[in-house]
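First up is the structure itself, then whatever we jot down about it.
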Amino acid sequence: MSANANKAWYLVQCKSRQDERAEEHLQRQGYTCFRSTYKRERLLKGQRRTTRESLFPGYLFIQMSLQDSWSSLRSTRGVSRVVAFGAHPLPISDALVDELQERDHQRVVATLLQPGESVRINEGPFAELEAVFLAMDGEERVVLLMNFLQREQRINVPLAEISRVRTTC
C-alpha cells in the first residue's frame with residue numbers, strides 16, 4: 001500500500017489575493033498542494049507581459065489524510081479555511097485533480113500545430129472566431145490567417161488564447 005493510498009485531495013479557501021502565498025507556506029510545511037494556473041498576457045507598466053494566474057482565484061487543493069494534523073492549516077499565512085460540509089472536510093475527486101494537473105502541465109508547442117491547421121480564438125476581440133494557423137511568433141505568440149471584412153488578414157495573438165479545432169469523423 002502506498003503512502004498516498006489513504007490521502008485525498010481537499011479544497012482550501014485562501015484569504016483574498018493570497019492563494020500563491022498560501023501555497024508557498026503550505027509547501028514549506030511539507031504539504032502536497034496544487035494551485036491550478038493559466039498563462040495570461042497583460043499590459044503592465046506599458047509593457048506586454050505574460051503572467052501565471054490562478055484558474056480558481058482564492059482556492060487551492062491540498063492532499064491529506066483524515067489522520068493528519070489539520071490544526072496547522074488554520075494558522076498558515078494566506079489560508080482562510082478548509083472547505084467543509086458541516087464539520088467534515090469535503091474530499092475532491094482524484095480524477096478531477098489529476099485532469100487539472102495534466103492540463104496545467106500541457107503546453108501547446110509549435111510541433112503540435114501545423115501550418116494550415118484550423119484553430120479557434122478563445123479570448124480577446126476575435127473570441128469564438130476560427131482562423132488558420134500560419135506560424136509561431138516567438139514562444140508565446142502565433143500568427144494566424146483569418147477571413148475578416150471579406151479579406152484575408154494576418155493577426156498575432158497569444159498562444160494561450162487559441163485552441164485546435166477538433167474535427168469529427
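Naming works like this for the C-alpha cells: A, B, ... for the chains as they're shown, residue 1 at the start of each chain, ligands 1 onward in shown order.
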
Practice item. Run DSSP on the backbone and grab whatever in chain A lands in alpha helix (DSSP H); send it over as a list in words. Key: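 Listing alpha helix (DSSP H) positions across chain A yields Asp19, Glu20, Arg21, Ala22, Glu23, Glu24, His25, Leu26, Gln27, Arg28, Ser71, Ser72, Leu73, Arg74, Asp94, Ala95, Leu96, Val97, Asp98, Glu99, Leu100, Gln101, Glu102, Arg103, Asp104 and His105 of chain A.
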
Saved selection, atoms kept: N, CA, C and O atoms, as a compact mmCIF listing (two decimals), in the first residue's frame:
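Ended up saving to selection_20.txt:
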# COMPACT_ATOMS: atom_id res chain seq x y z
N ASP A 19 -3.64 33.30 -2.57
CA ASP A 19 -3.52 31.87 -2.86
C ASP A 19 -2.08 31.46 -3.16
O ASP A 19 -1.64 30.39 -2.75
N GLU A 20 -1.32 32.31 -3.83
CA GLU A 20 0.08 31.99 -4.10
C GLU A 20 0.88 31.94 -2.80
O GLU A 20 1.71 31.05 -2.59
N ARG A 21 0.62 32.87 -1.92
CA ARG A 21 1.30 32.92 -0.61
C ARG A 21 0.95 31.67 0.20
O ARG A 21 1.82 31.05 0.82
N ALA A 22 -0.34 31.31 0.23
CA ALA A 22 -0.77 30.14 0.98
C ALA A 22 -0.10 28.88 0.45
O ALA A 22 0.39 28.05 1.21
N GLU A 23 -0.04 28.75 -0.88
CA GLU A 23 0.61 27.59 -1.49
C GLU A 23 2.07 27.50 -1.06
O GLU A 23 2.56 26.44 -0.66
N GLU A 24 2.77 28.62 -1.12
CA GLU A 24 4.19 28.65 -0.74
C GLU A 24 4.39 28.23 0.70
O GLU A 24 5.24 27.40 1.02
N HIS A 25 3.58 28.77 1.61
CA HIS A 25 3.73 28.45 3.04
C HIS A 25 3.32 27.01 3.35
O HIS A 25 3.94 26.36 4.21
N LEU A 26 2.30 26.50 2.67
CA LEU A 26 1.91 25.10 2.89
C LEU A 26 3.00 24.14 2.40
O LEU A 26 3.32 23.15 3.07
N GLN A 27 3.60 24.46 1.25
CA GLN A 27 4.67 23.61 0.73
C GLN A 27 5.89 23.64 1.65
O GLN A 27 6.54 22.62 1.85
N ARG A 28 6.19 24.79 2.24
CA ARG A 28 7.30 24.88 3.20
C ARG A 28 7.07 23.98 4.41
O ARG A 28 8.03 23.52 5.02
N SER A 71 -4.76 21.15 12.28
CA SER A 71 -4.75 22.39 13.06
C SER A 71 -3.78 23.43 12.51
O SER A 71 -4.05 24.63 12.56
N SER A 72 -2.64 23.00 11.97
CA SER A 72 -1.66 23.96 11.46
C SER A 72 -2.15 24.68 10.20
O SER A 72 -1.65 25.75 9.86
N LEU A 73 -3.13 24.10 9.52
CA LEU A 73 -3.66 24.75 8.31
C LEU A 73 -4.26 26.12 8.64
O LEU A 73 -4.07 27.09 7.91
N ARG A 74 -5.02 26.17 9.72
CA ARG A 74 -5.73 27.42 10.07
C ARG A 74 -4.78 28.57 10.35
O ARG A 74 -5.13 29.73 10.12
N ASP A 94 -9.96 12.47 -7.05
CA ASP A 94 -8.59 12.37 -7.55
C ASP A 94 -8.55 12.59 -9.05
O ASP A 94 -7.64 13.22 -9.58
N ALA A 95 -9.55 12.07 -9.76
CA ALA A 95 -9.60 12.19 -11.22
C ALA A 95 -9.68 13.66 -11.64
O ALA A 95 -9.03 14.07 -12.61
N LEU A 96 -10.45 14.46 -10.91
CA LEU A 96 -10.57 15.89 -11.23
C LEU A 96 -9.23 16.59 -11.05
O LEU A 96 -8.78 17.33 -11.93
N VAL A 97 -8.58 16.35 -9.93
CA VAL A 97 -7.29 17.00 -9.67
C VAL A 97 -6.24 16.50 -10.66
O VAL A 97 -5.45 17.30 -11.18
N ASP A 98 -6.26 15.20 -10.98
CA ASP A 98 -5.32 14.67 -11.98
C ASP A 98 -5.49 15.36 -13.32
O ASP A 98 -4.52 15.72 -13.98
N GLU A 99 -6.74 15.54 -13.74
CA GLU A 99 -7.00 16.20 -15.02
C GLU A 99 -6.55 17.66 -15.00
O GLU A 99 -5.95 18.14 -15.96
N LEU A 100 -6.79 18.35 -13.90
CA LEU A 100 -6.34 19.74 -13.78
C LEU A 100 -4.82 19.81 -13.81
O LEU A 100 -4.24 20.69 -14.45
N GLN A 101 -4.15 18.89 -13.13
CA GLN A 101 -2.69 18.87 -13.12
C GLN A 101 -2.15 18.58 -14.52
O GLN A 101 -1.18 19.19 -14.95
N GLU A 102 -2.79 17.66 -15.23
CA GLU A 102 -2.35 17.33 -16.58
C GLU A 102 -2.50 18.55 -17.50
O GLU A 102 -1.60 18.88 -18.26
N ARG A 103 -3.62 19.24 -17.41
CA ARG A 103 -3.83 20.44 -18.23
C ARG A 103 -2.86 21.54 -17.86
O ARG A 103 -2.42 22.29 -18.71
N ASP A 104 -2.53 21.63 -16.58
CA ASP A 104 -1.60 22.64 -16.11
C ASP A 104 -0.22 22.43 -16.72
O ASP A 104 0.50 23.37 -16.98
N HIS A 105 0.16 21.18 -16.92
CA HIS A 105 1.50 20.87 -17.42
C HIS A 105 1.57 20.79 -18.94
O HIS A 105 2.65 20.77 -19.50

Exercise for review: Write out as a PyMOL selection string each polymer residue whose atoms come within 6 Å of Tyr59 of chain A, counting only C-alpha atoms; drop sequence neighbours fewer than 5 positions from it.
Suggested key: chain A and resi 12-14

Determine, for each residue of segment 38-125 of chain A having at least one atom at most 7 Å from an atom of segment 149-163 of chain A, the closest pair of atoms and their separation in Å to one decimal, counting only C-alpha atoms; order by chain and ascending number, as CSV.
residue,atom,partner,partner_atom,distance
A:Lys39,CA,A:Ala160,CA,6.5
A:Val119,CA,A:Ser163,CA,5.5
A:Arg120,CA,A:Ser163,CA,5.3
A:Ile121,CA,A:Ile162,CA,4.5
A:Asn122,CA,A:Glu161,CA,5.3
A:Glu123,CA,A:Glu161,CA,5.5

Exercise for review: Write out as a PyMOL selection string each polymer residue whose atoms come within 8 Å of Ser118 of chain A, counting only C-alpha atoms; drop sequence neighbours fewer than 3 positions from it.
Suggested key: chain A and resi 130-133+164-165

Can I get the selected residues back with all heavy atoms, as a short mmCIF file (atom, residue, chain, number, x, y, z; two decimals), in the first residue's frame?
data_model
loop_
_atom_site.label_atom_id
_atom_site.label_comp_id
_atom_site.auth_asym_id
_atom_site.auth_seq_id
_atom_site.Cartn_x
_atom_site.Cartn_y
_atom_site.Cartn_z
N GLU A 130 -12.89 31.42 -35.92
CA GLU A 130 -11.91 30.45 -36.36
C GLU A 130 -10.90 31.11 -37.28
O GLU A 130 -11.22 32.09 -37.96
CB GLU A 130 -12.58 29.27 -37.06
CG GLU A 130 -13.33 28.39 -36.09
CD GLU A 130 -13.83 27.09 -36.72
OE1 GLU A 130 -13.37 26.73 -37.82
OE2 GLU A 130 -14.68 26.45 -36.08
N ALA A 131 -9.70 30.57 -37.30
CA ALA A 131 -8.62 31.08 -38.14
C ALA A 131 -7.74 29.92 -38.55
O ALA A 131 -7.95 28.78 -38.13
CB ALA A 131 -7.81 32.13 -37.37
N VAL A 132 -6.75 30.21 -39.36
CA VAL A 132 -5.79 29.20 -39.82
C VAL A 132 -4.44 29.52 -39.23
O VAL A 132 -3.95 30.66 -39.32
CB VAL A 132 -5.72 29.19 -41.37
CG1 VAL A 132 -4.65 28.21 -41.85
CG2 VAL A 132 -7.08 28.83 -41.96
N PHE A 133 -3.82 28.51 -38.60
CA PHE A 133 -2.50 28.69 -38.01
C PHE A 133 -1.47 28.80 -39.13
O PHE A 133 -1.42 27.96 -40.03
CB PHE A 133 -2.17 27.49 -37.11
CG PHE A 133 -0.76 27.49 -36.58
CD1 PHE A 133 -0.40 28.33 -35.54
CD2 PHE A 133 0.20 26.66 -37.14
CE1 PHE A 133 0.90 28.33 -35.05
CE2 PHE A 133 1.49 26.65 -36.66
CZ PHE A 133 1.85 27.49 -35.61
N ARG A 164 -7.01 24.16 -30.76
CA ARG A 164 -7.16 23.43 -32.01
C ARG A 164 -8.64 23.14 -32.23
O ARG A 164 -9.35 22.78 -31.29
CB ARG A 164 -6.38 22.12 -31.92
CG ARG A 164 -6.54 21.21 -33.10
CD ARG A 164 -5.76 19.91 -32.96
NE ARG A 164 -4.36 20.16 -33.25
CZ ARG A 164 -3.37 19.86 -32.43
NH1 ARG A 164 -3.63 19.35 -31.24
NH2 ARG A 164 -2.14 20.10 -32.76
N VAL A 165 -9.10 23.27 -33.45
CA VAL A 165 -10.48 22.91 -33.79
C VAL A 165 -10.53 21.40 -33.96
O VAL A 165 -9.78 20.83 -34.74
CB VAL A 165 -10.95 23.61 -35.09
CG1 VAL A 165 -12.32 23.11 -35.51
CG2 VAL A 165 -10.99 25.11 -34.89
#

Practice item. List every residue of segment 29-111 of chain A that DSSP, applied to the backbone of this structure, assigns to strand (DSSP E), and report them as a PyMOL selection string. Key: chain A and resi 32-34+37-44+47-54+59-64+79-82+84-85+88-89+91-92

Write a file of the just-selected residues containing C-alpha atoms, as an mmCIF file, in the first residue's frame.
data_model
loop_
_atom_site.group_PDB
_atom_site.id
_atom_site.type_symbol
_atom_site.label_atom_id
_atom_site.label_comp_id
_atom_site.auth_asym_id
_atom_site.auth_seq_id
_atom_site.Cartn_x
_atom_site.Cartn_y
_atom_site.Cartn_z
ATOM 1 C CA THR A 32 1.422 18.425 -1.046
ATOM 2 C CA CYS A 33 -0.695 21.099 -2.651
ATOM 3 C CA PHE A 34 -1.729 22.187 -6.108
ATOM 4 C CA THR A 37 -2.848 28.200 -13.086
ATOM 5 C CA TYR A 38 -3.020 29.547 -16.606
ATOM 6 C CA LYS A 39 -0.952 32.000 -18.607
ATOM 7 C CA ARG A 40 -2.393 35.410 -19.274
ATOM 8 C CA GLU A 41 -0.911 38.229 -21.263
ATOM 9 C CA ARG A 42 -1.462 41.659 -19.749
ATOM 10 C CA LEU A 43 -0.193 45.152 -20.058
ATOM 11 C CA LEU A 44 1.960 46.002 -17.008
ATOM 12 C CA GLN A 47 4.753 46.554 -21.472
ATOM 13 C CA ARG A 48 3.142 43.288 -22.509
ATOM 14 C CA ARG A 49 3.952 40.567 -20.011
ATOM 15 C CA THR A 50 2.836 37.001 -19.627
ATOM 16 C CA THR A 51 1.813 36.165 -16.080
ATOM 17 C CA ARG A 52 0.574 32.996 -14.432
ATOM 18 C CA GLU A 53 -2.718 33.436 -12.630
ATOM 19 C CA SER A 54 -4.855 31.096 -10.563
ATOM 20 C CA TYR A 59 -8.621 28.363 -3.755
ATOM 21 C CA LEU A 60 -6.040 25.608 -3.912
ATOM 22 C CA PHE A 61 -6.023 21.856 -3.457
ATOM 23 C CA ILE A 62 -4.186 20.077 -0.635
ATOM 24 C CA GLN A 63 -3.566 16.344 -0.264
ATOM 25 C CA MET A 64 -4.046 14.972 3.251
ATOM 26 C CA VAL A 79 -5.160 30.246 4.404
ATOM 27 C CA SER A 80 -8.704 31.114 5.413
ATOM 28 C CA ARG A 81 -10.275 27.672 5.897
ATOM 29 C CA VAL A 82 -10.697 24.155 4.553
ATOM 30 C CA ALA A 84 -16.175 21.524 4.598
ATOM 31 C CA PHE A 85 -19.735 20.296 4.799
ATOM 32 C CA HIS A 88 -16.226 17.373 7.816
ATOM 33 C CA PRO A 89 -13.790 18.438 5.072
ATOM 34 C CA PRO A 91 -12.736 15.250 -0.379
ATOM 35 C CA ILE A 92 -12.259 16.170 -4.051
#

Point to revise | Distance criterion (only C-alpha atoms): nearest to Asn6 of chain A out of A:Asp68, A:Gly116, A:Arg141, A:Leu129 | key: A:Asp68
